[in-house]
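Notes follow the structure.
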Amino acid sequence: MKVFLDTSVLVASVVQKHESHERAYAVLDRVQTRKDDGFMSSHSQAEMYAVLTKLPPPLRHTPEQALLSIEENVMKHFKITSLSGAEYTALIREAALAGIQGGTIYDAVLIKCAAKTGAEKIFTLNLRHFQSIAPKNIGSQIIAP
């Protein structure tokens with residue numbers, strides 16, 4: 001099955017003391033063991049690095065730890081998708097017309113990337129945010145791990 005993991009699930013899956021680690025790791029493990037075909041956004045690479053290196057101590061990763069965690073746990077196992085310049089332009093227009101504001105645009109980027117991959121399931125810990133801005137044709141595919 002094609003699955004798309006958003007940044008919140010990726011972070012929780014590699015931070016053992018995260019409150020959602022067990023359920024997020026279960027999704028990651030299915031990708032790592034090739035039971036599912038995993039996809040993520042190129043944006044999530046940078047976002048994951050930013051979050052891991054800014055978590056409160058003692059969860060905070062050093063830059064080297066964050067790199068290793070991302071490379072070993074995620075990058076080896078996922079296909080990465082991104083939006084083209086034209087797709088970003090269209091997304092910004094769609095977001096403005098839909099009244100999307102602030103950081104919610106980043107969720108919209110991830111949803112657009114997930115749709116581009118043809119993912120059958122989109123995993124997020126921000127379920128309410130994702131479902132509130134998702135196109136109706138993919139809203140039912142968005143689930144929490």
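Ordering of the structure tokens sets the chain letters (A, B, ...), residue numbers begin anew at 1 in every chain, and ligands are numbered from 1 in the order given.
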* Taking the chain letters and numbering used in this document, name the residues of segment 30-91 of chain A that DSSP puts in helix (DSSP H, G or I), as number ranges by chain. => A: 30-32, 42-52, 63-75, 85-91
Could you list, with a cut-off of 12 Å and counting only C-alpha atoms, the residues of segment 73-109 of chain A near segment 2-18 of chain A, each shown with its nearest atom pair and the distance in Å rounded to one decimal, rows sorted by chain and ascending number, as JSON lines?
{"residue": "A:Asn73", "atom": "CA", "partner": "A:Val14", "partner_atom": "CA", "distance": 7.3}
{"residue": "A:Val74", "atom": "CA", "partner": "A:Leu10", "partner_atom": "CA", "distance": 7.7}
{"residue": "A:Met75", "atom": "CA", "partner": "A:Leu10", "partner_atom": "CA", "distance": 10.8}
{"residue": "A:His77", "atom": "CA", "partner": "A:Leu5", "partner_atom": "CA", "distance": 11.9}
{"residue": "A:Phe78", "atom": "CA", "partner": "A:Phe4", "partner_atom": "CA", "distance": 9.1}
{"residue": "A:Lys79", "atom": "CA", "partner": "A:Phe4", "partner_atom": "CA", "distance": 9.4}
{"residue": "A:Ile80", "atom": "CA", "partner": "A:Phe4", "partner_atom": "CA", "distance": 9.8}
{"residue": "A:Thr81", "atom": "CA", "partner": "A:Phe4", "partner_atom": "CA", "distance": 10.0}
{"residue": "A:Tyr106", "atom": "CA", "partner": "A:Thr7", "partner_atom": "CA", "distance": 10.2}
{"residue": "A:Asp107", "atom": "CA", "partner": "A:Asp6", "partner_atom": "CA", "distance": 8.5}
{"residue": "A:Ala108", "atom": "CA", "partner": "A:Asp6", "partner_atom": "CA", "distance": 11.0}
{"residue": "A:Val109", "atom": "CA", "partner": "A:Asp6", "partner_atom": "CA", "distance": 10.3}
* Structure fact -> Across A:Val51, A:Ala46, A:Met1, A:Leu91, the smallest distance to Ile111 of chain A, with only C-alpha atoms counted, is shown by A:Leu91
* To do: Please indicate the distance in Å from atom CA of Ile138 of chain A to atom CA of Ser84 of chain A, rounded to one decimal place.
  =>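 Calculated distance between atom CA of Ile138 of chain A and atom CA of Ser84 of chain A is 20.6 Å.
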* **Selected residue, from A:Leu83, A:Ile105, A:Ala134, A:Leu125, that lies nearest to Arg23 of chain A when counting only C-alpha atoms** =>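 With only C-alpha atoms as the atom set, the closest residue is A:Leu125.
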Could you tell me, as a compact mmCIF listing (two decimals) with N, CA and C atoms, in the first residue's frame, which residues of segment 53-99 of chain A DSSP assigns to strand (DSSP E) when given the backbone?
# COMPACT_ATOMS: atom_id res chain seq x y z
N PHE A 78 12.17 5.85 2.19
CA PHE A 78 11.07 6.61 1.61
C PHE A 78 11.41 7.17 0.23
N LYS A 79 10.38 7.29 -0.58
CA LYS A 79 10.48 8.04 -1.83
C LYS A 79 10.08 9.47 -1.50
N ILE A 80 10.80 10.42 -2.05
CA ILE A 80 10.57 11.82 -1.73
C ILE A 80 9.89 12.50 -2.90
N THR A 81 8.87 13.29 -2.58
CA THR A 81 8.18 14.05 -3.60
C THR A 81 8.21 15.53 -3.24
* Structure fact -> Expressed in Å, the length from atom CA of Phe130 of chain A to atom CA of Gln32 of chain A is 24.5 Å
Using only C-alpha atoms, which residues sit within 7 Å of Ala24 of chain A once same-chain residues fewer than 2 positions away are excluded, as a CSV table (one decimal) with N, CA and C atoms, in the first residue's frame?
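Just written: part_33.csv:
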chain,number,residue,atom,x,y,z
A,9,VAL,N,4.3,12.7,12.1
A,9,VAL,CA,4.5,11.3,12.3
A,9,VAL,C,5.9,10.8,12.2
A,12,ALA,N,7.7,11.9,15.5
A,12,ALA,CA,7.2,11.0,16.6
A,12,ALA,C,7.8,9.6,16.5
A,13,SER,N,8.0,9.1,15.3
A,13,SER,CA,8.5,7.8,15.0
A,13,SER,C,9.9,7.6,15.4
A,20,SER,N,3.4,10.0,21.1
A,20,SER,CA,2.8,9.2,20.0
A,20,SER,C,3.8,8.3,19.4
A,21,HIS,N,4.9,8.0,20.0
A,21,HIS,CA,6.0,7.2,19.4
A,21,HIS,C,5.5,5.8,19.0
A,22,GLU,N,4.9,5.1,19.9
A,22,GLU,CA,4.6,3.7,19.6
A,22,GLU,C,3.7,3.6,18.3
A,26,ALA,N,5.0,2.3,14.5
A,26,ALA,CA,4.3,1.2,13.9
A,26,ALA,C,4.1,1.4,12.4
A,27,VAL,N,3.8,2.7,12.0
A,27,VAL,CA,3.6,3.0,10.6
A,27,VAL,C,5.0,3.1,9.9
A,28,LEU,N,6.0,3.7,10.6
A,28,LEU,CA,7.4,3.7,10.0
A,28,LEU,C,7.9,2.3,9.8
A,145,PRO,N,-2.1,7.8,13.0
A,145,PRO,CA,-1.5,6.4,13.2
A,145,PRO,C,-2.1,5.7,14.4
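Comparing the minimum interatomic distances between His43 of chain A and each of A:Cys113, A:Ala144, A:Ile100, A:Ile92, counting only C-alpha atoms, we find that A:Cys113 sits nearest.
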* Atom-to-atom span, atom CA of Glu87 of chain A and atom CA of Gln131 of chain A, Å ->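 Calculated distance between atom CA of Glu87 of chain A and atom CA of Gln131 of chain A is 20.5 Å.
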* To do: For Ile143 of chain A, list every protein, DNA or RNA residue within 10 Å, evaluated using only C-alpha atoms, and leave out those in the same chain fewer than 4 positions away; present the list as number ranges by chain.
  => A: 121-128, 130-131, 139
Take the residues just selected and output them with N, CA and C atoms as a compact mmCIF listing (two decimals), in the first residue's frame.
# COMPACT_ATOMS: atom_id res chain seq x y z
N LYS A 121 -3.13 6.16 1.87
CA LYS A 121 -3.33 6.64 3.24
C LYS A 121 -2.33 7.76 3.50
N ILE A 122 -2.81 8.79 4.18
CA ILE A 122 -1.98 9.92 4.57
C ILE A 122 -2.00 9.96 6.09
N PHE A 123 -0.85 9.72 6.71
CA PHE A 123 -0.76 9.68 8.16
C PHE A 123 -0.29 11.01 8.72
N THR A 124 -1.02 11.50 9.72
CA THR A 124 -0.66 12.74 10.40
C THR A 124 -1.12 12.69 11.84
N LEU A 125 -0.42 13.42 12.69
CA LEU A 125 -0.87 13.60 14.06
C LEU A 125 -1.68 14.89 14.17
N ASN A 126 -1.78 15.62 13.08
CA ASN A 126 -2.55 16.87 13.00
C ASN A 126 -3.84 16.62 12.20
N LEU A 127 -4.54 15.61 12.58
CA LEU A 127 -5.70 15.14 11.84
C LEU A 127 -6.73 16.23 11.55
N ARG A 128 -7.09 16.98 12.57
CA ARG A 128 -8.12 18.01 12.40
C ARG A 128 -7.67 19.08 11.40
N PHE A 130 -5.40 18.82 8.95
CA PHE A 130 -5.33 18.26 7.60
C PHE A 130 -6.73 18.08 7.01
N GLN A 131 -7.64 17.51 7.78
CA GLN A 131 -8.98 17.27 7.26
C GLN A 131 -9.73 18.56 6.96
N GLY A 139 -10.01 13.53 1.63
CA GLY A 139 -10.23 13.69 3.07
C GLY A 139 -10.34 12.38 3.82
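Distances from A:Leu59, A:Ala114, A:Ala95, A:Ala119 to Ile133 of chain A were compared using only C-alpha atoms, and the smallest one belongs to A:Ala95.
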* Hey, what's within 9 Å of Thr62 of chain A if we count only C-alpha atoms and toss same-chain stuff fewer than 5 positions away? As a PyMOL selection string, please? -> chain A and resi 52-54+67
Selected residues, N, CA and C atoms, written as a compact mmCIF listing (two decimals), in the first residue's frame, please.
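Saved to result_12.txt:
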# COMPACT_ATOMS: atom_id res chain seq x y z
N LEU A 52 13.74 18.31 15.26
CA LEU A 52 14.61 17.47 16.08
C LEU A 52 15.71 18.27 16.78
N THR A 53 16.21 19.31 16.11
CA THR A 53 17.29 20.10 16.70
C THR A 53 16.79 21.22 17.61
N LYS A 54 15.46 21.37 17.73
CA LYS A 54 14.90 22.40 18.61
C LYS A 54 13.96 21.83 19.68
N LEU A 67 20.78 14.41 11.74
CA LEU A 67 21.15 13.91 10.40
C LEU A 67 21.15 12.39 10.37
* Asked: Between A:Asp29, A:Arg60, A:His129, A:Gly85, which has the minimum distance to Gln101 of chain A (counting only C-alpha atoms)?
  ->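 Residue with the minimum atom-to-atom distance to Gln101 of chain A: A:His129.
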